[in-house]
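J.: Just my_file-v2.cif, nothing more (mmCIF, C-alpha atoms):
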```cif
data_protein
loop_
_atom_site.label_atom_id
_atom_site.label_comp_id
_atom_site.auth_asym_id
_atom_site.auth_seq_id
_atom_site.Cartn_x
_atom_site.Cartn_y
_atom_site.Cartn_z
CA MET J 1 -25.66 -37.53 7.87
CA MET J 2 -24.76 -36.32 11.32
CA ASN J 3 -21.26 -37.84 11.07
CA VAL J 4 -20.61 -36.15 7.72
CA ARG J 5 -21.44 -32.76 9.17
CA ARG J 6 -19.10 -33.36 12.09
CA PHE J 7 -16.31 -34.34 9.74
CA GLN J 8 -16.76 -31.25 7.58
CA PHE J 9 -16.76 -28.95 10.58
CA THR J 10 -13.70 -30.62 12.04
CA GLY J 11 -11.85 -30.41 8.71
CA VAL J 12 -12.54 -26.68 8.40
CA TRP J 13 -11.42 -26.14 11.98
CA VAL J 14 -8.14 -27.96 11.44
CA MET J 15 -7.41 -26.06 8.23
CA ALA J 16 -8.13 -22.74 9.93
CA LEU J 17 -5.89 -23.69 12.84
CA GLY J 18 -3.06 -24.64 10.49
CA ALA J 19 -3.38 -21.39 8.56
CA THR J 20 -3.30 -19.36 11.77
CA ALA J 21 -0.22 -21.16 13.02
CA ALA J 22 1.62 -20.42 9.75
CA ILE J 23 1.10 -16.64 9.90
CA ALA J 24 4.15 -14.79 11.25
CA ALA J 25 3.74 -11.78 13.51
CA PRO J 26 3.77 -8.47 11.60
CA ILE J 27 6.71 -6.10 11.97
CA THR J 28 5.76 -2.77 13.54
CA LEU J 29 7.25 0.20 11.69
CA PRO J 30 6.77 3.83 12.77
CA THR J 31 6.03 6.35 10.03
CA THR J 32 7.58 9.76 9.43
CA ALA J 33 6.35 13.02 7.91
CA ILE J 34 9.03 13.19 5.21
CA TYR J 35 8.74 11.89 1.65
CA ASP J 36 11.66 12.43 -0.73
CA SER J 37 13.66 14.55 1.71
CA PRO J 38 15.98 17.09 0.06
CA THR J 39 18.62 16.26 2.68
CA THR J 40 19.03 12.62 1.65
CA SER J 41 21.63 11.38 -0.83
CA ASN J 42 19.04 10.29 -3.39
CA ALA J 43 15.89 11.91 -4.75
CA VAL J 44 12.97 10.68 -6.84
CA ASP J 45 13.77 11.22 -10.51
CA PHE J 46 10.43 10.76 -12.28
CA ASN J 47 6.67 10.68 -11.84
CA ALA J 48 4.66 7.91 -13.44
CA THR J 49 2.94 8.84 -16.68
CA GLY J 50 -0.38 10.47 -15.77
CA ASN J 51 0.61 12.20 -12.54
CA SER J 52 3.69 14.12 -13.66
CA LEU J 53 1.86 17.45 -13.58
CA GLY J 54 -0.37 16.65 -10.65
CA SER J 55 -3.30 16.13 -13.00
CA LEU J 56 -4.79 13.57 -10.62
CA GLY J 57 -5.16 16.00 -7.76
CA GLY J 58 -1.56 16.78 -6.81
CA ASN J 59 -0.40 13.18 -7.12
CA ASP J 60 3.04 14.10 -8.43
CA VAL J 61 5.82 13.58 -5.90
CA ALA J 62 6.06 17.28 -5.03
CA GLY J 63 2.35 17.60 -4.32
CA PHE J 64 2.23 14.34 -2.41
CA THR J 65 5.28 15.26 -0.32
CA THR J 66 3.55 18.43 0.85
CA ALA J 67 0.23 16.68 1.44
CA VAL J 68 1.61 13.78 3.51
CA ALA J 69 3.63 16.14 5.72
CA ALA J 70 0.48 18.13 6.46
CA ALA J 71 -1.49 14.93 7.09
CA PHE J 72 1.15 13.62 9.49
CA ALA J 73 0.87 16.82 11.55
CA LEU J 74 -2.88 16.25 11.77
CA ASN J 75 -2.50 12.55 12.76
CA ARG J 76 -3.92 11.49 9.39
CA GLY J 77 -1.07 9.73 7.62
CA GLY J 78 2.62 9.00 7.35
CA VAL J 79 5.53 7.59 5.35
CA VAL J 80 6.71 4.01 5.87
CA ASP J 81 10.44 4.29 5.13
CA PHE J 82 11.18 0.68 6.19
CA GLU J 83 13.59 1.71 8.94
CA PRO J 84 15.20 0.44 11.05
CA SER J 85 14.66 -3.32 10.99
CA ASP J 86 15.79 -5.94 8.50
CA GLY J 87 13.36 -8.79 8.07
CA THR J 88 11.16 -10.97 5.92
CA PRO J 89 7.70 -9.93 7.05
CA THR J 90 4.38 -11.22 5.76
CA ALA J 91 2.81 -8.00 7.05
CA ILE J 92 3.68 -4.72 8.71
CA ASN J 93 1.87 -2.53 11.20
CA ALA J 94 2.48 1.09 10.17
CA THR J 95 2.03 3.33 13.21
CA TYR J 96 1.23 7.03 12.90
CA GLY J 97 -0.54 9.84 14.70
CA LEU J 98 0.20 11.47 18.05
CA GLY J 99 2.70 9.22 19.80
CA GLN J 100 2.37 6.77 16.88
CA GLY J 101 -0.91 5.72 18.51
CA LYS J 102 -2.78 4.73 15.33
CA THR J 103 -1.98 1.65 13.25
CA LEU J 104 -2.55 0.81 9.59
CA PRO J 105 -2.10 -2.96 9.04
CA ILE J 106 -0.50 -3.69 5.65
CA THR J 107 -0.34 -7.27 4.39
CA PHE J 108 1.50 -8.61 1.34
CA SER J 109 0.15 -10.96 -1.30
CA THR J 110 3.52 -12.74 -1.42
CA SER J 111 5.54 -14.27 1.40
CA SER J 112 8.85 -13.27 -0.18
CA MET J 113 9.00 -9.56 0.72
CA LYS J 114 12.23 -8.45 2.38
CA ILE J 115 13.42 -5.27 4.07
CA GLN J 116 17.12 -4.42 3.75
CA SER J 117 19.68 -2.12 2.14
CA PHE J 118 20.55 -2.45 -1.57
CA SER J 119 23.76 -2.41 -3.59
CA SER J 120 22.14 -2.11 -7.03
CA SER J 121 20.10 1.01 -6.19
CA LYS J 122 19.79 3.84 -3.67
CA VAL J 123 16.84 4.28 -1.36
CA ILE J 124 15.21 7.71 -1.10
CA SER J 125 15.17 7.84 2.70
CA GLY J 126 17.23 6.21 5.42
CA ASN J 127 19.26 3.15 4.49
CA LYS J 128 16.67 0.49 3.67
CA GLY J 129 13.80 -0.28 1.38
CA ILE J 130 11.57 -3.24 0.58
CA TYR J 131 11.75 -5.69 -2.31
CA THR J 132 10.40 -8.97 -3.60
CA GLY J 133 12.73 -11.69 -2.45
CA SER J 134 11.55 -13.95 -5.26
CA GLU J 135 12.59 -13.20 -8.83
CA SER J 136 9.38 -14.85 -10.03
CA SER J 137 7.19 -12.31 -8.20
CA ALA J 138 6.27 -10.19 -11.20
CA SER J 139 3.00 -9.09 -9.57
CA PHE J 140 2.26 -8.52 -5.88
CA SER J 141 0.04 -6.36 -3.68
CA PHE J 142 0.14 -4.19 -0.59
CA ASN J 143 -3.27 -4.62 1.09
CA PHE J 144 -4.53 -2.00 3.55
CA GLY J 145 -6.47 -3.33 6.54
CA ALA J 146 -8.85 -1.64 8.97
CA ILE J 147 -7.16 1.18 10.90
CA LEU J 148 -6.70 0.56 14.61
CA ASN J 149 -7.35 3.36 17.13
CA GLY J 150 -8.37 5.74 14.34
CA VAL J 151 -11.32 8.08 14.27
CA PRO J 152 -14.62 6.39 13.37
CA ASN J 153 -14.55 5.02 9.81
CA GLU J 154 -11.02 6.28 9.10
CA ALA J 155 -9.54 4.78 5.91
CA VAL J 156 -6.79 5.36 3.34
CA GLY J 157 -7.77 8.10 0.90
CA ARG J 158 -4.41 8.69 -0.79
CA ALA J 159 -1.36 6.45 -1.24
CA GLY J 160 2.02 6.70 -2.93
CA LEU J 161 5.04 4.47 -3.57
CA THR J 162 8.40 4.81 -5.33
CA ILE J 163 9.85 2.02 -7.49
CA LEU J 164 13.62 2.39 -7.35
CA GLY J 165 15.80 2.36 -10.41
CA ARG J 166 18.29 -0.49 -10.32
CA THR J 167 21.25 -1.73 -12.27
CA GLY J 168 21.35 -5.21 -13.72
CA TYR J 169 17.98 -5.52 -15.45
CA ASP J 170 17.90 -7.40 -18.75
CA SER J 171 18.52 -5.50 -21.98
CA SER J 172 14.77 -5.01 -22.49
CA THR J 173 13.49 -1.98 -20.61
CA PRO J 174 11.14 -3.02 -17.80
CA SER J 175 7.72 -1.40 -17.56
CA PHE J 176 5.96 -1.05 -14.23
CA THR J 177 2.26 -0.61 -13.52
CA ILE J 178 0.79 0.14 -10.11
CA THR J 179 -2.95 -0.40 -9.77
CA ALA J 180 -5.00 1.07 -6.92
CA LYS J 181 -8.11 -0.85 -5.92
CA PHE J 182 -10.88 1.20 -4.34
CA SER J 183 -13.55 0.29 -1.82
CA ASP J 184 -16.16 -0.30 -4.55
CA ASN J 185 -13.75 -2.72 -6.34
CA THR J 186 -13.07 -0.29 -9.19
CA THR J 187 -9.44 0.41 -10.05
CA ALA J 188 -7.07 3.05 -11.43
CA ALA J 189 -3.59 2.39 -12.82
CA LEU J 190 -0.39 4.31 -13.53
CA SER J 191 2.41 2.95 -15.72
CA SER J 192 5.94 3.97 -16.58
CA SER J 193 8.92 2.44 -18.38
CA GLN J 194 12.15 2.59 -16.43
CA PRO J 195 15.12 3.94 -18.36
CA LYS J 196 18.25 1.82 -18.55
CA VAL J 197 20.08 2.38 -15.25
CA THR J 198 23.87 2.21 -15.22
CA THR J 199 24.47 4.29 -12.09
CA THR J 200 22.77 3.55 -8.76
CA GLY J 201 20.39 6.29 -7.70
CA ASN J 202 18.94 6.92 -11.15
CA GLY J 203 15.55 5.99 -12.54
CA ASP J 204 13.43 6.19 -9.36
CA THR J 205 9.75 6.67 -10.25
CA PHE J 206 6.90 7.82 -8.00
CA TYR J 207 3.31 6.57 -8.32
CA GLY J 208 0.56 8.44 -6.46
CA PHE J 209 -3.20 7.88 -6.14
CA THR J 210 -6.19 9.68 -4.68
CA ALA J 211 -9.45 7.78 -4.20
CA PRO J 212 -12.48 9.18 -6.03
CA ALA J 213 -15.03 11.04 -3.92
CA GLY J 214 -16.95 8.65 -1.71
CA LEU J 215 -14.31 5.88 -1.88
CA SER J 216 -11.12 4.74 -0.14
CA ILE J 217 -8.03 2.81 -1.28
CA LYS J 218 -7.89 -0.87 -0.31
CA SER J 219 -4.71 -2.02 -2.06
CA LEU J 220 -1.83 -1.20 -4.39
CA THR J 221 -0.72 -3.90 -6.85
CA VAL J 222 2.70 -3.70 -8.50
CA SER J 223 3.23 -5.45 -11.84
CA MET J 224 6.36 -5.67 -14.01
CA ALA J 225 6.58 -6.56 -17.70
CA PRO J 226 8.37 -8.27 -19.19
CA THR J 227 9.37 -10.45 -16.26
CA GLN J 228 13.03 -9.85 -15.45
CA ALA J 229 15.50 -12.13 -13.71
CA LYS J 230 15.71 -9.46 -11.03
CA THR J 231 13.56 -8.41 -8.09
CA VAL J 232 11.58 -5.14 -7.76
CA LEU J 233 13.08 -2.62 -5.31
CA MET J 234 10.87 -0.03 -3.61
CA ASP J 235 10.93 2.60 -0.88
CA ASP J 236 8.67 5.01 1.00
CA LEU J 237 5.14 3.62 1.00
CA ALA J 238 3.03 6.57 2.13
CA PHE J 239 -0.63 7.09 2.94
CA ILE J 240 -3.09 9.82 3.89
CA THR J 241 -6.32 8.92 5.66
CA ILE J 242 -9.83 10.29 5.40
CA PRO J 243 -13.08 9.46 7.19
CA GLU J 244 -14.44 6.36 5.44
CA PRO J 245 -16.89 7.82 2.88
CA ALA J 246 -19.10 4.73 3.07
CA SER J 247 -20.50 5.97 6.37
CA THR J 248 -21.98 8.93 4.50
CA GLY J 249 -23.72 6.54 2.15
CA VAL J 250 -25.22 4.61 5.04
CA ILE J 251 -26.56 7.82 6.55
CA GLY J 252 -27.98 8.78 3.17
CA LEU J 253 -29.79 5.45 2.79
CA ALA J 254 -31.19 5.74 6.28
CA SER J 255 -32.50 9.22 5.50
CA LEU J 256 -34.16 8.00 2.30
CA ALA J 257 -35.76 5.11 4.16
CA LEU J 258 -37.13 7.48 6.79
CA LEU J 259 -38.49 9.82 4.11
CA ALA J 260 -40.15 6.93 2.29
CA ARG J 261 -41.74 5.75 5.53
CA ARG J 262 -43.17 9.20 6.21
CA ARG J 263 -44.61 9.41 2.69
CA TRP J 264 -46.18 5.95 3.08
CA ARG J 265 -47.90 7.08 6.26
#
```
Could you write out this file's structure as structure tokens?
T.:
Amino acid sequence: MMNVRRFQFTGVWVMALGATAAIAAPITLPTTAIYDSPTTSNAVDFNATGNSLGSLGGNDVAGFTTAVAAAFALNRGGVVDFEPSDGTPTAINATYGLGQGKTLPITFSTSSMKIQSFSSSKVISGNKGIYTGSESSASFSFNFGAILNGVPNEAVGRAGLTILGRTGYDSSTPSFTITAKFSDNTTAALSSSQPKVTTTGNGDTFYGFTAPAGLSIKSLTVSMAPTQAKTVLMDDLAFITIPEPASTGVIGLASLALLARRRWR
């Protein structure tokens, strides 16, 4: 029995070591304060159905652009515009705050993400965006990790992303859904059908989310239907942070426990 336990432990250790060795170092990308800059050559064309009028708390692109700029000035968010480095990262470290001193780790659910410029679409800032390097990646996620060097319990409270219009999709109009997963494992989704794009720079659609009161955003999942023989092109992944609401819940439970103890006495 003792030998079996040793073997199991050793097997787990080897597997963990192999997994660690296979993980590439994240690419560090500084954030900016600007989303959908009016000075760039391309602008966001549409808002996803459901946030076009800011009905979800200013989650249309205009409201989010204003909000993320204000958050950046307060060291509470930024825009990842995927400049300046090309690469095939498995994760990125998005730096923000005074002197870019805070870091939001963002990992991908697929190993085929690539950062580069595009010929079949136009990015909405800089010269580069991010896309799925595999045409079979019809669903993938951006996962937000624990913030480094943030204020206590700081977490992502709002997030936005633009799916770029692109030429060359099949004759059927692709439909995109982005789903936000919150800290209590509940979700919210926004969907939009992309119009047929014949000219690069058209058809860009913004998707924005705000976590419900008491929650934070843990991930954004992008899904496309029907699956096309083309990859999904994106730009400007942005986030705004809040103090992690869960800490309030812990304090509340502690207060209730103390009150119950006093009553028992």
J.: Where does the PyMOL selection byres ((chain J and resi 235-237) around 6) land in this file, that is, which residues does it pick, as a PyMOL selection string?
T.: chain J and resi 79-81+129+160-162+234+238
J.: Any chance you could resolve the PyMOL selection byres ((chain J and resi 225) around 6) against this file and give the residues as a list in words?
T.: Pro174, Ser175, Met224, Pro226 and Thr227 of chain J
J.: Could you tell me how far atom CA of Ser192 of chain J sits from atom CA of Thr179 of chain J, in Å to one decimal place?
T.: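 For atom CA of Thr179 of chain J relative to atom CA of Ser192 of chain J, the distance reads 12.0 Å.
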J.: Determine, using only C-alpha atoms, which residues of segment 80-173 of chain J have any atom at most 9 Å from an atom of segment 195-205 of chain J, and tabulate each with its shortest atom pair and distance in Å to one decimal place, rows ordered by chain and then rising number, as a Markdown table.
T.:
```
| residue | atom | partner | partner_atom | distance |
| --- | --- | --- | --- | --- |
| J:Ser119 | CA | J:Thr200 | CA | 8.0 |
| J:Ser120 | CA | J:Thr200 | CA | 6.0 |
| J:Ser121 | CA | J:Thr200 | CA | 4.5 |
| J:Lys122 | CA | J:Gly201 | CA | 4.8 |
| J:Val123 | CA | J:Gly201 | CA | 7.5 |
| J:Ile124 | CA | J:Gly201 | CA | 8.5 |
| J:Leu161 | CA | J:Thr205 | CA | 8.5 |
| J:Thr162 | CA | J:Thr205 | CA | 5.4 |
| J:Ile163 | CA | J:Thr205 | CA | 5.4 |
| J:Leu164 | CA | J:Asp204 | CA | 4.3 |
| J:Gly165 | CA | J:Gly203 | CA | 4.2 |
| J:Arg166 | CA | J:Val197 | CA | 6.0 |
| J:Thr167 | CA | J:Val197 | CA | 5.2 |
| J:Gly168 | CA | J:Val197 | CA | 7.8 |
| J:Tyr169 | CA | J:Lys196 | CA | 8.0 |
| J:Ser171 | CA | J:Lys196 | CA | 8.1 |
| J:Ser172 | CA | J:Lys196 | CA | 8.6 |
| J:Thr173 | CA | J:Lys196 | CA | 6.4 |
```
J.: Which residue, J:Phe206, J:Thr65, J:Thr221, J:Ala211, has the smallest gap to Phe140 of chain J when you use all atoms listed in the file?
T.: J:Thr221
J.: Closest to Thr28 of chain J among J:Ala73, J:Ile178, J:Ala43, J:Ala91, using all atoms listed in the file?
T.: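 Selected residue with least distance to Thr28 of chain J: J:Ala91.
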J.: Hey, which of J:Tyr131, J:Phe176, J:Tyr35, J:Phe142 ends up closest to Lys218 of chain J? Count all atoms listed in the file.
T.: J:Phe142
J.: Asn93 of chain J: which residues within 9 Å, counting all atoms listed in the file, same-chain residues fewer than 5 positions away excluded, as a list in words?
T.: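 So, after excluding close chain neighbours, the residues are Pro26, Ile27, Thr28, Leu29, Pro30, Thr103, Leu104, Pro105, Ile106 and Thr107 of chain J.
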J.: Find the distance between atom CA of Pro152 of chain J and atom CA of Val61 of chain J and write it in Å to one decimal.
T.: 29.0 Å
J.: Might you spell out which residues the PyMOL selection byres ((chain J and resi 117) around 7) would select in the displayed file, as a ChimeraX atom specification?
T.: /J:116,118,127-129
J.: Could you check the closest approach to Phe64 of chain J for each of J:Ile34, J:Ala138, J:Val232, J:Leu215 and tell me which residue wins, using all atoms listed in the file?
T.: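 Under the stated criterion, the closest residue is J:Ile34.
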J.: In terms of the shortest atom-to-atom distance over all atoms listed in the file, which of J:Leu220, J:Val68, J:Ile147, J:Ala155 is closest to Ala94 of chain J?
T.: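 Smallest distance to Ala94 of chain J is found for J:Ile147.
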J.: Pick from J:Gly150, J:Gly58, J:Gly101, J:Gly126: nearest to Pro84 of chain J, with all atoms listed in the file counted?
T.: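 Closest to Pro84 of chain J of all the choices is J:Gly126.
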J.: List as a list in words the protein and nucleic acid residues near Phe72 of chain J, meaning an atom at most 6 Å away when all atoms listed in the file are counted, but skip any in the same chain fewer than 5 places from it.
T.: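 These residues fall inside the cut-off: Ala33, Gly77 and Gly78 of chain J.
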J.: Rounded to one decimal, what separation in Å do you get between atom CA of Asn149 of chain J and atom CA of Ser109 of chain J?
T.: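 One can read the atom CA of Asn149 of chain J to atom CA of Ser109 of chain J distance as 24.5 Å.
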J.: Could you pull the residues within 12 Å of Phe209 of chain J, counting only C-alpha atoms, minus those fewer than 3 positions along the same chain, as a PDB file with C-alpha atoms, in the frame of the given file?
T.:
```pdb
ATOM      1  CA  ASN J  47       6.670  10.680 -11.840  1.00  0.00           C
ATOM      2  CA  ALA J  48       4.660   7.910 -13.440  1.00  0.00           C
ATOM      3  CA  GLY J  50      -0.380  10.470 -15.770  1.00  0.00           C
ATOM      4  CA  ASN J  51       0.610  12.200 -12.540  1.00  0.00           C
ATOM      5  CA  SER J  52       3.690  14.120 -13.660  1.00  0.00           C
ATOM      6  CA  GLY J  54      -0.370  16.650 -10.650  1.00  0.00           C
ATOM      7  CA  SER J  55      -3.300  16.130 -13.000  1.00  0.00           C
ATOM      8  CA  LEU J  56      -4.790  13.570 -10.620  1.00  0.00           C
ATOM      9  CA  GLY J  57      -5.160  16.000  -7.760  1.00  0.00           C
ATOM     10  CA  GLY J  58      -1.560  16.780  -6.810  1.00  0.00           C
ATOM     11  CA  ASN J  59      -0.400  13.180  -7.120  1.00  0.00           C
ATOM     12  CA  ASP J  60       3.040  14.100  -8.430  1.00  0.00           C
ATOM     13  CA  VAL J  61       5.820  13.580  -5.900  1.00  0.00           C
ATOM     14  CA  GLY J  63       2.350  17.600  -4.320  1.00  0.00           C
ATOM     15  CA  PHE J  64       2.230  14.340  -2.410  1.00  0.00           C
ATOM     16  CA  VAL J 156      -6.790   5.360   3.340  1.00  0.00           C
ATOM     17  CA  GLY J 157      -7.770   8.100   0.900  1.00  0.00           C
ATOM     18  CA  ARG J 158      -4.410   8.690  -0.790  1.00  0.00           C
ATOM     19  CA  ALA J 159      -1.360   6.450  -1.240  1.00  0.00           C
ATOM     20  CA  GLY J 160       2.020   6.700  -2.930  1.00  0.00           C
ATOM     21  CA  LEU J 161       5.040   4.470  -3.570  1.00  0.00           C
ATOM     22  CA  ILE J 178       0.790   0.140 -10.110  1.00  0.00           C
ATOM     23  CA  THR J 179      -2.950  -0.400  -9.770  1.00  0.00           C
ATOM     24  CA  ALA J 180      -5.000   1.070  -6.920  1.00  0.00           C
ATOM     25  CA  LYS J 181      -8.110  -0.850  -5.920  1.00  0.00           C
ATOM     26  CA  PHE J 182     -10.880   1.200  -4.340  1.00  0.00           C
ATOM     27  CA  THR J 187      -9.440   0.410 -10.050  1.00  0.00           C
ATOM     28  CA  ALA J 188      -7.070   3.050 -11.430  1.00  0.00           C
ATOM     29  CA  ALA J 189      -3.590   2.390 -12.820  1.00  0.00           C
ATOM     30  CA  LEU J 190      -0.390   4.310 -13.530  1.00  0.00           C
ATOM     31  CA  PHE J 206       6.900   7.820  -8.000  1.00  0.00           C
ATOM     32  CA  PRO J 212     -12.480   9.180  -6.030  1.00  0.00           C
ATOM     33  CA  SER J 216     -11.120   4.740  -0.140  1.00  0.00           C
ATOM     34  CA  ILE J 217      -8.030   2.810  -1.280  1.00  0.00           C
ATOM     35  CA  LYS J 218      -7.890  -0.870  -0.310  1.00  0.00           C
ATOM     36  CA  SER J 219      -4.710  -2.020  -2.060  1.00  0.00           C
ATOM     37  CA  LEU J 220      -1.830  -1.200  -4.390  1.00  0.00           C
ATOM     38  CA  LEU J 237       5.140   3.620   1.000  1.00  0.00           C
ATOM     39  CA  ALA J 238       3.030   6.570   2.130  1.00  0.00           C
ATOM     40  CA  PHE J 239      -0.630   7.090   2.940  1.00  0.00           C
ATOM     41  CA  ILE J 240      -3.090   9.820   3.890  1.00  0.00           C
TER      42      ILE J 240
END
```
J.: What would segment 212-220 of chain J look like with all heavy atoms in place, written as a compact mmCIF listing (two decimals), in the coordinates of the input?
T.:
```txt
# COMPACT_ATOMS: atom_id res chain seq x y z
N PRO J 212 -11.37 8.32 -5.60
CA PRO J 212 -12.48 9.18 -6.03
C PRO J 212 -13.37 9.55 -4.84
O PRO J 212 -13.36 8.86 -3.80
CB PRO J 212 -13.23 8.30 -7.03
CG PRO J 212 -12.24 7.29 -7.49
CD PRO J 212 -11.36 7.02 -6.30
N ALA J 213 -14.12 10.61 -4.99
CA ALA J 213 -15.03 11.04 -3.92
C ALA J 213 -15.95 9.90 -3.51
O ALA J 213 -16.51 9.21 -4.36
CB ALA J 213 -15.85 12.24 -4.39
N GLY J 214 -16.08 9.70 -2.22
CA GLY J 214 -16.95 8.65 -1.71
C GLY J 214 -16.30 7.29 -1.58
O GLY J 214 -16.95 6.34 -1.17
N LEU J 215 -14.98 7.17 -1.91
CA LEU J 215 -14.31 5.88 -1.88
C LEU J 215 -13.01 5.97 -1.09
O LEU J 215 -12.52 7.06 -0.79
CB LEU J 215 -14.01 5.39 -3.29
CG LEU J 215 -15.19 5.21 -4.24
CD1 LEU J 215 -14.70 4.79 -5.62
CD2 LEU J 215 -16.19 4.20 -3.69
N SER J 216 -12.43 4.82 -0.77
CA SER J 216 -11.12 4.74 -0.14
C SER J 216 -10.27 3.74 -0.90
O SER J 216 -10.77 3.00 -1.75
CB SER J 216 -11.24 4.33 1.33
OG SER J 216 -11.85 3.04 1.44
N ILE J 217 -8.96 3.72 -0.62
CA ILE J 217 -8.03 2.81 -1.28
C ILE J 217 -7.84 1.56 -0.43
O ILE J 217 -7.51 1.66 0.75
CB ILE J 217 -6.67 3.48 -1.53
CG1 ILE J 217 -6.86 4.72 -2.42
CG2 ILE J 217 -5.68 2.52 -2.18
CD1 ILE J 217 -5.59 5.54 -2.61
N LYS J 218 -8.02 0.40 -1.03
CA LYS J 218 -7.89 -0.87 -0.31
C LYS J 218 -6.58 -1.58 -0.59
O LYS J 218 -6.11 -2.36 0.24
CB LYS J 218 -9.07 -1.79 -0.66
CG LYS J 218 -10.42 -1.26 -0.19
CD LYS J 218 -10.42 -1.04 1.31
CE LYS J 218 -11.77 -0.56 1.82
NZ LYS J 218 -11.73 -0.25 3.28
N SER J 219 -5.97 -1.34 -1.75
CA SER J 219 -4.71 -2.02 -2.06
C SER J 219 -3.97 -1.33 -3.19
O SER J 219 -4.57 -0.57 -3.97
CB SER J 219 -4.96 -3.49 -2.44
OG SER J 219 -5.66 -3.58 -3.67
N LEU J 220 -2.66 -1.59 -3.26
CA LEU J 220 -1.83 -1.20 -4.39
C LEU J 220 -1.18 -2.46 -4.92
O LEU J 220 -0.54 -3.20 -4.16
CB LEU J 220 -0.74 -0.20 -3.97
CG LEU J 220 -1.17 1.18 -3.46
CD1 LEU J 220 0.05 2.00 -3.08
CD2 LEU J 220 -2.00 1.92 -4.51
```
